[in-house]
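Pasted below: coords-v4.txt, compact mmCIF, C-alpha atoms.
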# COMPACT_ATOMS: atom_id res chain seq x y z
CA MET O 1228 -6.16 -2.91 -21.60
CA SER O 1229 -3.71 -5.02 -23.54
CA GLU O 1230 -3.87 -8.76 -23.13
CA ASN O 1231 -0.07 -9.03 -23.01
CA ILE O 1232 1.05 -9.48 -19.43
CA ASN O 1233 4.63 -8.60 -20.42
CA ASP O 1234 3.58 -5.24 -21.87
CA PRO O 1235 5.27 -2.61 -19.62
CA VAL O 1236 2.36 -0.24 -20.13
CA ASN O 1237 -0.63 -2.55 -19.82
CA PRO O 1238 -0.07 -5.61 -17.62
CA GLY O 1239 -3.45 -6.75 -18.87
CA ARG O 1240 -6.81 -7.93 -17.67
CA ARG O 1241 -5.34 -11.40 -17.87
CA SER O 1242 -3.42 -10.53 -14.70
CA VAL O 1243 -6.72 -9.82 -12.95
CA VAL O 1244 -8.29 -13.07 -14.09
CA ALA O 1245 -5.23 -15.10 -13.18
CA GLY O 1246 -4.87 -13.22 -9.92
CA LEU O 1247 -8.40 -13.97 -8.86
CA ALA O 1248 -7.31 -17.58 -8.83
CA ALA O 1249 -4.72 -16.42 -6.29
CA GLY O 1250 -7.42 -15.08 -4.02
CA THR O 1251 -6.55 -18.12 -1.94
CA VAL O 1252 -3.07 -19.16 -0.90
CA ALA O 1253 -1.79 -21.53 -3.57
CA VAL O 1254 -0.47 -24.90 -2.50
CA ALA O 1255 2.76 -25.59 -4.33
CA ALA O 1256 3.64 -28.85 -6.02
CA GLY O 1257 5.90 -31.03 -3.94
CA LEU O 1258 4.16 -30.38 -0.64
CA PRO O 1259 2.03 -33.02 1.05
CA GLU O 1260 -1.64 -33.03 0.10
CA PRO O 1261 -3.71 -30.67 2.25
CA VAL O 1262 -5.52 -32.31 5.12
CA ALA O 1263 -8.78 -31.34 6.77
CA ALA O 1264 -8.76 -27.93 8.42
CA GLN O 1265 -7.74 -27.74 12.04
CA SER O 1266 -9.90 -25.86 14.51
CA GLY O 1267 -8.79 -22.66 16.18
CA SER O 1268 -8.27 -20.32 13.23
CA THR O 1269 -10.35 -18.08 11.00
CA ALA O 1270 -11.14 -19.01 7.40
CA TRP O 1271 -8.27 -16.76 6.31
CA GLY O 1272 -5.78 -18.49 8.59
CA TRP O 1273 -5.52 -16.29 11.69
CA PRO O 1274 -5.16 -18.27 14.95
CA GLN O 1275 -7.86 -17.76 17.54
CA PRO O 1276 -8.42 -16.33 20.07
CA TYR O 1277 -7.11 -12.81 19.41
CA GLN O 1278 -4.40 -11.57 21.74
CA LYS O 1279 -5.58 -8.37 23.42
CA VAL O 1280 -3.44 -5.41 24.43
CA SER O 1281 -3.17 -4.81 28.14
CA ASP O 1282 -5.22 -2.31 30.13
CA LYS O 1283 -1.93 -0.74 31.16
CA SER O 1284 -1.03 -0.06 27.53
CA VAL O 1285 -4.45 1.40 26.80
CA ALA O 1286 -4.05 3.72 29.79
CA TRP O 1287 -0.60 4.77 28.54
CA LEU O 1288 -2.00 5.64 25.10
CA LYS O 1289 -4.80 7.66 26.68
CA ASP O 1290 -2.35 9.54 28.90
CA LYS O 1291 -0.30 10.45 25.78
CA GLY O 1292 -3.40 11.67 23.99
CA TRP O 1293 -2.92 8.89 21.42
CA TRP O 1294 -6.34 7.35 21.84
CA PRO O 1295 -7.67 6.41 19.43
CA LEU O 1296 -4.36 5.39 17.87
CA GLY O 1297 -3.71 7.59 14.81
CA LEU O 1298 -2.94 5.80 11.54
CA GLY O 1299 -1.95 7.62 8.36
CA TRP O 1300 -2.39 6.10 4.91
CA GLN O 1301 -2.33 7.13 1.25
CA PRO O 1302 -5.45 6.11 -0.72
CA PRO O 1303 -3.85 6.80 -4.16
CA TRP O 1304 -0.96 4.43 -3.34
CA SER O 1305 -1.71 0.87 -4.40
CA GLY O 1306 -1.00 -2.14 -2.22
CA GLN O 1307 -0.91 -0.36 1.11
CA ASN O 1308 -4.35 1.12 0.44
CA ALA O 1309 -5.91 -2.37 0.38
CA VAL O 1310 -4.17 -3.47 3.59
CA MET O 1311 -4.96 -0.28 5.50
CA ALA O 1312 -8.59 -0.13 4.33
CA VAL O 1313 -9.22 -3.77 5.25
CA LEU O 1314 -7.42 -3.43 8.59
CA ASP O 1315 -9.74 -0.53 9.40
CA LYS O 1316 -13.05 -1.74 7.96
CA GLN O 1317 -12.74 -5.28 9.35
CA GLY O 1318 -11.91 -3.98 12.82
CA PHE O 1319 -8.75 -6.03 13.15
CA LEU O 1320 -7.33 -3.58 15.69
CA ALA O 1321 -10.60 -3.35 17.59
CA GLN O 1322 -10.58 -7.15 17.89
CA ARG O 1323 -7.29 -6.73 19.72
CA GLY O 1324 -8.59 -4.05 22.08
CA LEU O 1325 -7.33 -0.99 20.19
CA GLU O 1326 -9.38 1.96 19.03
CA SER O 1327 -7.88 3.59 15.94
CA LYS O 1328 -8.53 6.41 13.49
CA LEU O 1329 -7.42 6.28 9.84
CA THR O 1330 -6.43 9.60 8.24
CA ALA O 1331 -5.86 9.96 4.47
CA PHE O 1332 -2.95 11.78 2.80
CA THR O 1333 -2.17 12.29 -0.89
CA SER O 1334 1.59 11.71 -0.61
CA GLY O 1335 4.42 10.69 1.70
CA PRO O 1336 5.73 14.23 2.32
CA ALA O 1337 2.23 15.35 3.41
CA LEU O 1338 1.94 12.38 5.77
CA ASN O 1339 5.43 13.07 7.14
CA GLU O 1340 4.42 16.50 8.38
CA VAL O 1341 1.63 15.12 10.54
CA PHE O 1342 3.68 12.14 11.75
CA ILE O 1343 6.44 14.52 12.85
CA SER O 1344 3.87 16.51 14.83
CA THR O 1345 2.82 13.22 16.57
CA ARG O 1346 -0.82 13.77 15.57
CA ILE O 1347 -0.57 10.33 13.99
CA GLN O 1348 1.59 7.60 15.47
CA VAL O 1349 1.59 5.04 12.66
CA GLY O 1350 2.47 5.88 9.07
CA VAL O 1351 3.15 4.38 5.66
CA GLY O 1352 5.77 5.76 3.32
CA GLY O 1353 8.05 5.03 0.40
CA ASN O 1354 11.83 4.97 0.51
CA PHE O 1355 12.41 8.69 -0.09
CA PRO O 1356 9.98 9.98 2.59
CA LEU O 1357 11.28 7.38 5.06
CA ASN O 1358 14.86 8.61 4.54
CA SER O 1359 13.67 12.16 5.19
CA LEU O 1360 12.14 11.15 8.52
CA VAL O 1361 15.31 9.36 9.58
CA ASP O 1362 17.44 12.32 8.53
CA ASN O 1363 15.32 14.60 10.68
CA LYS O 1364 15.94 12.26 13.62
CA ILE O 1365 12.25 11.47 14.03
CA PRO O 1366 12.12 8.50 16.43
CA LEU O 1367 10.51 5.64 14.52
CA LYS O 1368 10.76 1.93 13.75
CA VAL O 1369 9.78 0.09 10.57
CA ILE O 1370 7.65 -2.93 11.47
CA SER O 1371 6.49 -4.11 8.03
CA ILE O 1372 7.31 -3.87 4.35
CA ILE O 1373 4.31 -3.06 2.18
CA CYS O 1374 3.49 -2.84 -1.51
CA PRO O 1375 6.31 -4.80 -3.20
CA ASN O 1376 7.60 -3.40 -6.50
CA LEU O 1377 5.34 -0.37 -6.71
CA ARG O 1378 5.48 0.76 -10.33
CA HIS O 1379 6.52 4.29 -11.24
CA HIS O 1380 6.37 5.36 -14.89
CA VAL O 1381 7.52 8.31 -16.93
CA ILE O 1382 4.30 9.12 -18.80
CA VAL O 1383 4.02 11.48 -21.76
CA PRO O 1384 0.92 12.70 -23.65
CA PRO O 1385 -0.27 10.21 -26.30
CA ASP O 1386 0.81 12.51 -29.15
CA SER O 1387 4.21 13.35 -27.66
CA PRO O 1388 7.22 12.88 -29.96
CA LEU O 1389 9.18 11.46 -27.01
CA LYS O 1390 9.79 7.73 -27.41
CA SER O 1391 12.42 7.14 -24.70
CA VAL O 1392 13.78 8.96 -21.67
CA LYS O 1393 17.00 9.39 -23.65
CA ASP O 1394 15.05 11.84 -25.81
CA PHE O 1395 15.11 14.30 -22.89
CA LYS O 1396 18.80 14.95 -23.58
CA GLY O 1397 19.35 18.39 -25.08
CA GLY O 1398 15.96 19.74 -24.05
CA LYS O 1399 13.27 21.01 -26.42
CA ASN O 1400 13.98 23.92 -28.76
CA GLY O 1401 16.67 25.19 -26.43
CA GLU O 1402 14.45 24.94 -23.36
CA PRO O 1403 14.27 22.15 -20.76
CA TYR O 1404 11.39 19.69 -20.77
CA VAL O 1405 8.97 20.24 -17.87
CA ILE O 1406 8.35 17.17 -15.70
CA GLY O 1407 5.41 17.05 -13.28
CA ILE O 1408 6.46 15.10 -10.20
CA ALA O 1409 5.80 14.93 -6.46
CA THR O 1410 9.13 16.21 -5.15
CA GLY O 1411 10.40 14.45 -2.07
CA SER O 1412 8.68 11.23 -3.09
CA SER O 1413 9.87 7.87 -4.40
CA SER O 1414 8.94 9.16 -7.89
CA GLU O 1415 11.59 11.83 -7.65
CA PHE O 1416 14.20 9.37 -6.46
CA TYR O 1417 13.46 7.05 -9.39
CA PHE O 1418 13.59 9.91 -11.89
CA GLN O 1419 16.85 11.25 -10.46
CA MET O 1420 18.47 7.80 -10.59
CA MET O 1421 17.25 7.23 -14.14
CA ALA O 1422 18.43 10.66 -15.26
CA GLY O 1423 21.90 10.15 -13.83
CA LEU O 1424 22.38 6.82 -15.59
CA ASN O 1425 21.10 8.17 -18.91
CA GLY O 1426 23.10 11.40 -18.96
CA ILE O 1427 20.07 13.66 -18.49
CA ASN O 1428 20.93 16.96 -16.83
CA ILE O 1429 18.26 18.10 -14.37
CA GLY O 1430 18.02 21.86 -14.58
CA LYS O 1431 19.28 21.93 -18.15
CA ASP O 1432 17.63 19.11 -20.10
CA VAL O 1433 14.62 18.88 -17.80
CA VAL O 1434 13.15 20.83 -14.90
CA LEU O 1435 11.02 19.28 -12.16
CA LYS O 1436 7.71 20.92 -11.28
CA ASN O 1437 6.22 19.87 -7.95
CA MET O 1438 2.83 18.33 -8.70
CA PRO O 1439 0.68 15.97 -6.60
CA PRO O 1440 -0.68 12.77 -8.22
CA PRO O 1441 -4.27 14.07 -8.68
CA GLU O 1442 -2.91 16.95 -10.76
CA GLN O 1443 -0.54 14.68 -12.68
CA LEU O 1444 -3.52 12.51 -13.54
CA LEU O 1445 -4.96 15.34 -15.65
CA MET O 1446 -1.79 15.62 -17.77
CA PRO O 1447 -2.07 19.43 -17.76
CA LYS O 1448 -0.97 21.48 -20.75
CA GLY O 1449 2.56 22.81 -20.59
CA ILE O 1450 3.80 19.60 -18.96
CA ASP O 1451 5.94 17.33 -21.15
CA ALA O 1452 5.82 14.30 -18.84
CA VAL O 1453 4.62 13.21 -15.42
CA VAL O 1454 6.09 10.61 -13.06
CA PRO O 1455 3.34 9.12 -10.89
CA TRP O 1456 3.19 5.90 -8.91
CA ASP O 1457 0.41 3.33 -9.05
CA TYR O 1458 -2.53 3.47 -9.05
CA THR O 1459 -2.24 6.78 -10.94
CA CYS O 1460 -0.01 5.12 -13.55
CA SER O 1461 -2.55 2.42 -14.34
CA LEU O 1462 -5.46 4.86 -14.23
CA MET O 1463 -3.79 7.00 -16.89
CA LEU O 1464 -2.42 4.20 -19.05
CA ASN O 1465 -5.18 1.61 -18.88
CA GLU O 1466 -8.39 3.40 -18.01
CA ARG O 1467 -8.24 7.01 -19.18
CA LYS O 1468 -5.62 6.35 -21.86
CA ASN O 1469 -4.47 9.96 -21.60
CA GLY O 1470 -0.79 9.05 -21.45
CA ARG O 1471 1.89 6.73 -22.79
CA SER O 1472 4.76 5.18 -20.81
CA ILE O 1473 8.34 5.69 -21.97
CA ASP O 1474 10.03 4.16 -18.91
CA VAL O 1475 9.36 2.09 -15.78
CA SER O 1476 11.22 2.17 -12.48
CA TYR O 1477 12.23 -1.45 -11.83
CA ALA O 1478 15.83 -1.18 -13.08
CA TYR O 1479 16.62 1.71 -10.74
CA ASN O 1480 15.20 0.66 -7.39
CA ILE O 1481 13.86 -2.44 -5.66
CA TYR O 1482 10.98 -0.57 -4.15
CA GLN O 1483 10.41 -0.56 -0.42
CA GLY O 1484 7.20 0.72 1.07
CA SER O 1485 7.19 0.69 4.87
CA ILE O 1486 4.74 0.75 7.75
CA TYR O 1487 6.40 2.45 10.69
CA VAL O 1488 5.50 3.50 14.22
CA ARG O 1489 6.68 6.06 16.74
CA GLN O 1490 9.65 4.79 18.73
CA GLU O 1491 7.75 5.57 21.94
CA LEU O 1492 5.27 2.80 21.12
CA VAL O 1493 8.06 0.25 20.82
CA ASP O 1494 9.67 1.42 24.06
CA ASN O 1495 6.55 1.72 26.21
CA VAL O 1496 3.72 -0.38 24.76
CA PRO O 1497 5.28 -3.19 22.69
CA ASP O 1498 2.06 -5.18 22.90
CA VAL O 1499 0.37 -2.38 20.93
CA VAL O 1500 3.03 -2.66 18.21
CA GLN O 1501 2.60 -6.44 18.20
CA ALA O 1502 -1.16 -6.07 17.83
CA LEU O 1503 -0.65 -3.70 14.90
CA THR O 1504 1.81 -6.08 13.22
CA ASP O 1505 -0.58 -9.00 13.69
CA ALA O 1506 -3.42 -6.94 12.23
CA ILE O 1507 -1.33 -6.04 9.15
CA VAL O 1508 -0.65 -9.70 8.43
CA GLU O 1509 -4.25 -10.70 9.14
CA ALA O 1510 -5.51 -8.04 6.74
CA THR O 1511 -3.10 -9.34 4.09
CA LEU O 1512 -4.50 -12.86 4.50
CA TRP O 1513 -8.12 -11.70 4.62
CA LEU O 1514 -7.97 -9.80 1.35
CA ARG O 1515 -6.47 -12.85 -0.40
CA LEU O 1516 -9.63 -14.73 0.43
CA ASN O 1517 -11.98 -11.78 -0.11
CA VAL O 1518 -10.92 -9.86 -3.22
CA GLU O 1519 -14.28 -8.25 -4.00
CA PRO O 1520 -15.07 -7.30 -0.38
CA ALA O 1521 -11.57 -5.83 -0.11
CA VAL O 1522 -12.26 -3.63 -3.14
CA ASN O 1523 -15.57 -2.63 -1.51
CA ALA O 1524 -13.64 -1.61 1.62
CA MET O 1525 -11.36 0.63 -0.43
CA MET O 1526 -14.26 2.20 -2.31
CA GLU O 1527 -15.89 3.22 0.97
CA ASP O 1528 -13.19 5.88 1.26
CA ALA O 1529 -14.06 9.25 -0.28
CA ASN O 1530 -10.72 9.34 -2.08
CA LEU O 1531 -11.38 6.04 -3.88
CA LYS O 1532 -15.15 5.88 -4.29
CA ASN O 1533 -14.98 7.07 -7.91
CA ALA O 1534 -12.03 4.89 -8.91
CA PRO O 1535 -12.92 2.18 -11.45
CA ARG O 1536 -13.60 -1.14 -9.72
CA THR O 1537 -11.63 -2.96 -12.43
CA LEU O 1538 -8.60 -0.79 -11.68
CA LEU O 1539 -8.69 -1.33 -7.92
CA THR O 1540 -9.13 -5.07 -8.44
CA GLN O 1541 -6.16 -5.23 -10.80
CA GLN O 1542 -4.03 -3.21 -8.39
CA LEU O 1543 -4.96 -5.38 -5.41
CA ILE O 1544 -4.00 -8.49 -7.34
CA GLU O 1545 -0.72 -7.02 -8.53
CA TYR O 1546 0.52 -5.58 -5.26
CA ASN O 1547 -1.06 -7.83 -2.63
CA ASN O 1548 -1.91 -11.26 -3.97
CA TRP O 1549 0.74 -12.18 -6.54
CA TYR O 1550 3.65 -12.29 -4.10
CA LYS O 1551 4.10 -14.62 -1.18
CA PRO O 1552 2.73 -12.92 1.94
CA THR O 1553 6.21 -13.21 3.46
CA TYR O 1554 7.08 -10.03 1.52
CA LEU O 1555 5.84 -8.27 4.66
CA TYR O 1556 8.94 -9.23 6.66
CA PRO O 1557 11.28 -6.24 7.22
CA ILE O 1558 14.62 -7.88 6.33
CA ALA O 1559 16.90 -5.29 7.88
CA ASP O 1560 20.16 -6.13 6.08
CA PHE O 1561 18.59 -6.26 2.63
CA TRP O 1562 16.55 -3.07 2.87
CA ALA O 1563 19.26 -1.17 4.75
CA LYS O 1564 21.70 -1.93 1.93
CA GLU O 1565 19.24 -0.71 -0.70
CA ASN O 1566 18.54 2.41 1.36
CA GLU O 1567 22.26 3.13 1.80
CA ARG O 1568 22.47 4.01 -1.90
CA ILE O 1569 19.36 6.18 -1.68
CA ALA O 1570 20.73 8.03 1.33
CA LYS O 1571 24.10 8.59 -0.36
CA TRP O 1572 22.48 10.10 -3.42
CA LEU O 1573 20.26 12.33 -1.30
CA PHE O 1574 23.27 13.45 0.77
CA ASP O 1575 25.44 14.11 -2.30
CA ASN O 1576 22.66 16.25 -3.72
CA LYS O 1577 22.22 18.15 -0.46
CA ARG O 1578 18.79 16.66 0.21
CA LEU O 1579 19.88 15.00 3.48
CA LYS O 1580 22.08 16.23 6.27
CA THR O 1581 23.57 12.77 6.93
CA ALA O 1582 24.92 10.06 4.62
CA PHE O 1583 23.53 6.96 6.30
CA THR O 1584 25.42 3.70 6.11
CA GLN O 1585 23.87 0.26 5.94
CA LYS O 1586 24.63 -0.17 9.64
CA ASP O 1587 22.94 3.14 10.47
CA PHE O 1588 19.82 2.26 8.53
CA SER O 1589 19.58 -1.27 9.96
CA SER O 1590 18.73 0.27 13.31
CA VAL O 1591 15.56 1.78 11.82
CA PHE O 1592 13.98 -1.68 11.51
CA ALA O 1593 12.24 -3.57 14.32
CA PRO O 1594 11.75 -7.06 12.86
CA GLN O 1595 11.09 -8.69 16.23
CA PHE O 1596 7.36 -7.98 15.95
CA MET O 1597 6.97 -9.56 12.51
CA LYS O 1598 9.14 -12.44 13.69
CA ALA O 1599 6.69 -13.10 16.53
CA THR O 1600 3.81 -12.99 14.03
CA PHE O 1601 5.54 -15.40 11.64
CA ASP O 1602 6.40 -17.72 14.55
CA ARG O 1603 2.74 -17.83 15.52
CA LEU O 1604 1.65 -18.61 11.97
CA GLY O 1605 4.44 -21.10 11.34
CA TRP O 1606 6.00 -19.14 8.47
CA LYS O 1607 9.72 -19.35 7.89
CA ILE O 1608 11.51 -15.99 7.90
CA PRO O 1609 12.87 -15.29 4.38
CA SER O 1610 16.51 -14.36 3.80
CA VAL O 1611 15.60 -12.15 0.82
CA PRO O 1612 12.26 -10.71 -0.33
CA PRO O 1613 10.19 -13.12 -2.44
CA THR O 1614 10.44 -10.59 -5.29
CA VAL O 1615 14.12 -11.58 -5.71
CA PRO O 1616 14.31 -14.95 -7.51
CA ALA O 1617 16.84 -17.67 -6.82
CA GLY O 1618 19.95 -17.14 -8.91
CA TRP O 1619 19.35 -13.43 -9.42
CA THR O 1620 22.52 -11.96 -10.93
CA GLY O 1621 22.07 -8.43 -9.62
CA LYS O 1622 24.00 -6.82 -6.80
CA LEU O 1623 22.38 -4.31 -4.49
CA GLY O 1624 23.59 -0.82 -5.25
CA GLU O 1625 24.85 -1.58 -8.77
CA LEU O 1626 22.48 -0.12 -11.37
CA PRO O 1627 20.74 -0.82 -13.63
CA TYR O 1628 19.32 -3.93 -11.99
CA PRO O 1629 18.65 -7.04 -14.08
CA SER O 1630 15.02 -8.16 -14.08
CA TYR O 1631 13.50 -9.71 -10.97
CA ASP O 1632 9.98 -10.93 -10.16
CA THR O 1633 7.53 -8.19 -11.13
CA ILE O 1634 4.14 -8.05 -12.80
CA LEU O 1635 6.02 -7.64 -16.10
CA THR O 1636 8.01 -10.87 -15.74
CA MET O 1637 5.82 -13.20 -13.66
CA LYS O 1638 3.54 -15.68 -15.43
CA GLY O 1639 1.25 -16.08 -12.44
CA PRO O 1640 1.02 -15.69 -8.66
CA GLN O 1641 3.83 -17.07 -6.53
CA ALA O 1642 2.83 -20.34 -4.89
CA PHE O 1643 2.60 -20.28 -1.11
CA PRO O 1644 3.44 -22.27 0.86
CA GLU O 1645 6.25 -23.93 -1.08
CA LYS O 1646 8.71 -26.42 0.31
CA GLY O 1647 10.67 -24.74 3.07
CA ASP O 1648 8.12 -21.95 3.66
CA LEU O 1649 6.57 -23.43 6.82
CA THR O 1650 7.82 -24.37 10.27
CA LYS O 1651 4.52 -25.85 11.43
CA PRO O 1652 1.09 -26.62 9.90
CA PHE O 1653 -0.71 -23.65 8.42
CA THR O 1654 -4.47 -23.55 7.80
CA PHE O 1655 -6.10 -21.38 5.14
CA ASN O 1656 -9.53 -21.54 3.51
CA GLY O 1657 -10.39 -24.85 5.10
CA GLN O 1658 -7.14 -26.63 4.25
CA THR O 1659 -4.12 -27.35 6.40
CA VAL O 1660 -0.65 -27.80 4.90
CA THR O 1661 2.13 -29.36 6.94
CA PRO O 1662 5.82 -28.44 6.57
CA ALA O 1663 7.94 -30.32 4.04
Will you turn the file into structure tokens for me?
Amino acid sequence: MSENINDPVNPGRRSVVAGLAAGTVAVAAGLPEPVAAQSGSTAWGWPQPYQKVSDKSVAWLKDKGWWPLGLGWQPPWSGQNAVMAVLDKQGFLAQRGLESKLTAFTSGPALNEVFISTRIQVGVGGNFPLNSLVDNKIPLKVISIICPNLRHHVIVPPDSPLKSVKDFKGGKNGEPYVIGIATGSSSEFYFQMMAGLNGINIGKDVVLKNMPPPEQLLMPKGIDAVVPWDYTCSLMLNERKNGRSIDVSYAYNIYQGSIYVRQELVDNVPDVVQALTDAIVEATLWLRLNVEPAVNAMMEDANLKNAPRTLLTQQLIEYNNWYKPTYLYPIADFWAKENERIAKWLFDNKRLKTAFTQKDFSSVFAPQFMKATFDRLGWKIPSVPPTVPAGWTGKLGELPYPSYDTILTMKGPQAFPEKGDLTKPFTFNGQTVTPA
């Protein structure tokens, strides 16, 4: 790995070392000195006792055949894999009276199929798969954002003559370049947006070959480039070194990963949805205090047991611990506006039946559950994601975006809590910080 944190290919082991220092919530300058820990919370800051779901809600789930509660996740997708693995292995739902079963999928489209069938009732997906669910009128609500700024790269073989995505223009010897990509995923959306802005004609200059991440990882012969998401990107670029990046996705999309639930849960057993939301936030706090055990939890899964420990550690730091934990809040107006552009492109290209507006997409979010969680913890609700810095000159929907806070621009983890982040004292790792 390169030691240059600003290298778009190799964020660097320095990010891991620095990030380990962020395994605890950082206390920002300008806040009062921490005082002795208050009783009534875990070491990672979760108030005790746990709030249990009602017997009535458990009975309702059993009557629906949704017991244990079915959760879908994607082990090869960084950020959410740490949260979901920790939530499961630490029994954070069981502590709240819920039995659950975690089922692994290799991509969002594969998870969508099972979510639509109702065999799982909780899912995680990127922006493209989420739009597909909404377009198919699948009743769901987004309760949490996950995995801020997931990196997608265009990766070519090390000996490829391609130096930039602009080199795709005109094709290769009269034939289009072949791009391995998981169609229907956030990778395809990024590539399509990038191609449009760079004058690359899909179907003429390049053709897209549907290929899941495990196959992309091998960089098979006959493929000119692949477009994976992390952790596959980092595994190829930093560990196996069997590819070279010629582009990264940040300028084309402020990435939104989502945790969503069946609408029926919101309507009939809201305490179950609240318990799930609380468990998501608790898992996020726990892994900040327990980096190595969190990696152990991920490696217990068959899909991740052979992944390099250094890679999973770096990914956990990048996607879970460098941003303020308030990134979890589903800010409906912000994300609906960003999704409006995605939906319009998908509709214009006959990939969706409906061109959703910002107002339409706002209704997909159910922030009331995360609001209740933040109220309990004493966290102020953010007006924009913590990935968007103060004074950012970009405007949602107008591409390419100027730089914002990503692993390629940040010098270290975001401090939390900073002035204005708290509404009441918050205790973490034996220290209590009061609002300023």
| Nearest to Leu1329 (chain O), chosen from O:Asp1528, O:Asp1432, O:Gly1621, O:Ser1371, with all atoms listed in the file counted in the distances |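 Nearest candidate to Leu1329 (chain O) out of O:Asp1528, O:Asp1432, O:Gly1621, O:Ser1371: O:Asp1528.
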| message | Counting all atoms listed in the file, I want the residues whose atoms come within 12 Å of (26.5, 0.0, 6.6) in the file frame, returned as a list of chain:residue names. | response |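 Nearby residues: O:Ala1559, O:Asp1560, O:Phe1561, O:Trp1562, O:Ala1563, O:Lys1564, O:Glu1565, O:Asn1566, O:Glu1567, O:Arg1568, O:Ala1570, O:Lys1571, O:Ala1582, O:Phe1583, O:Thr1584, O:Gln1585, O:Lys1586, O:Asp1587, O:Phe1588, O:Ser1589, O:Ser1590.
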With only C-alpha atoms counted and 7 Å as the cut-off, give the residues of region 1279-1384 of chain O in contact with region 1454-1466 of chain O, each with its shortest interatomic distance in Å and the pair that gives it, as CSV.
residue,atom,partner,partner_atom,distance
O:Pro1303,CA,O:Tyr1458,CA,6.1
O:Trp1304,CA,O:Asp1457,CA,6.0
O:Ser1305,CA,O:Tyr1458,CA,5.4
O:Leu1377,CA,O:Asp1457,CA,6.6
O:Arg1378,CA,O:Trp1456,CA,5.8
O:His1379,CA,O:Trp1456,CA,4.4
O:His1380,CA,O:Val1454,CA,5.6
O:Val1381,CA,O:Val1454,CA,4.7
O:Ile1382,CA,O:Val1454,CA,6.2
| query | So which residues touch Gln1278 (chain O) within 10 Å, counting only C-alpha atoms, skipping near sequence neighbours fewer than 4 positions away, as a list in words? | reply | Pro1274, Gln1322, Arg1323, Gly1324, Asp1498, Gln1501, Ala1502 and Asp1505 of chain O
For the selection just defined, write its residues with C-alpha atoms to a file, as a short mmCIF file (atom, residue, chain, number, x, y, z; two decimals), keeping the file's coordinate frame.
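The file below, selection11.cif, is the result:
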data_model
loop_
_atom_site.label_atom_id
_atom_site.label_comp_id
_atom_site.auth_asym_id
_atom_site.auth_seq_id
_atom_site.Cartn_x
_atom_site.Cartn_y
_atom_site.Cartn_z
CA PRO O 1274 -5.16 -18.27 14.95
CA GLN O 1322 -10.58 -7.15 17.89
CA ARG O 1323 -7.29 -6.73 19.72
CA GLY O 1324 -8.59 -4.05 22.08
CA ASP O 1498 2.06 -5.18 22.90
CA GLN O 1501 2.60 -6.44 18.20
CA ALA O 1502 -1.16 -6.07 17.83
CA ASP O 1505 -0.58 -9.00 13.69
#
| Given the choices O:Met1421, O:Leu1623, O:Val1369, O:Val1392, which gets closest to Thr1504 (chain O) if the distance is worked out from all atoms listed in the file? |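 Selected residue with least distance to Thr1504 (chain O): O:Val1369.
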| message | Which residues are near Ile1429 (chain O)? Cut-off 12 Å, all atoms listed in the file, ignore same chain within fewer than 3 positions. Put them as a list in words. | response |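 These residues fall inside the cut-off: Phe1395, Lys1396, Gly1397, Gly1398, Glu1402, Pro1403, Tyr1404, Val1405, Ile1406, Glu1415, Phe1418, Gln1419, Met1420, Met1421, Ala1422, Gly1423, Asn1425, Gly1426, Asp1432, Val1433, Val1434, Leu1435, Lys1436 and Asn1576 of chain O.
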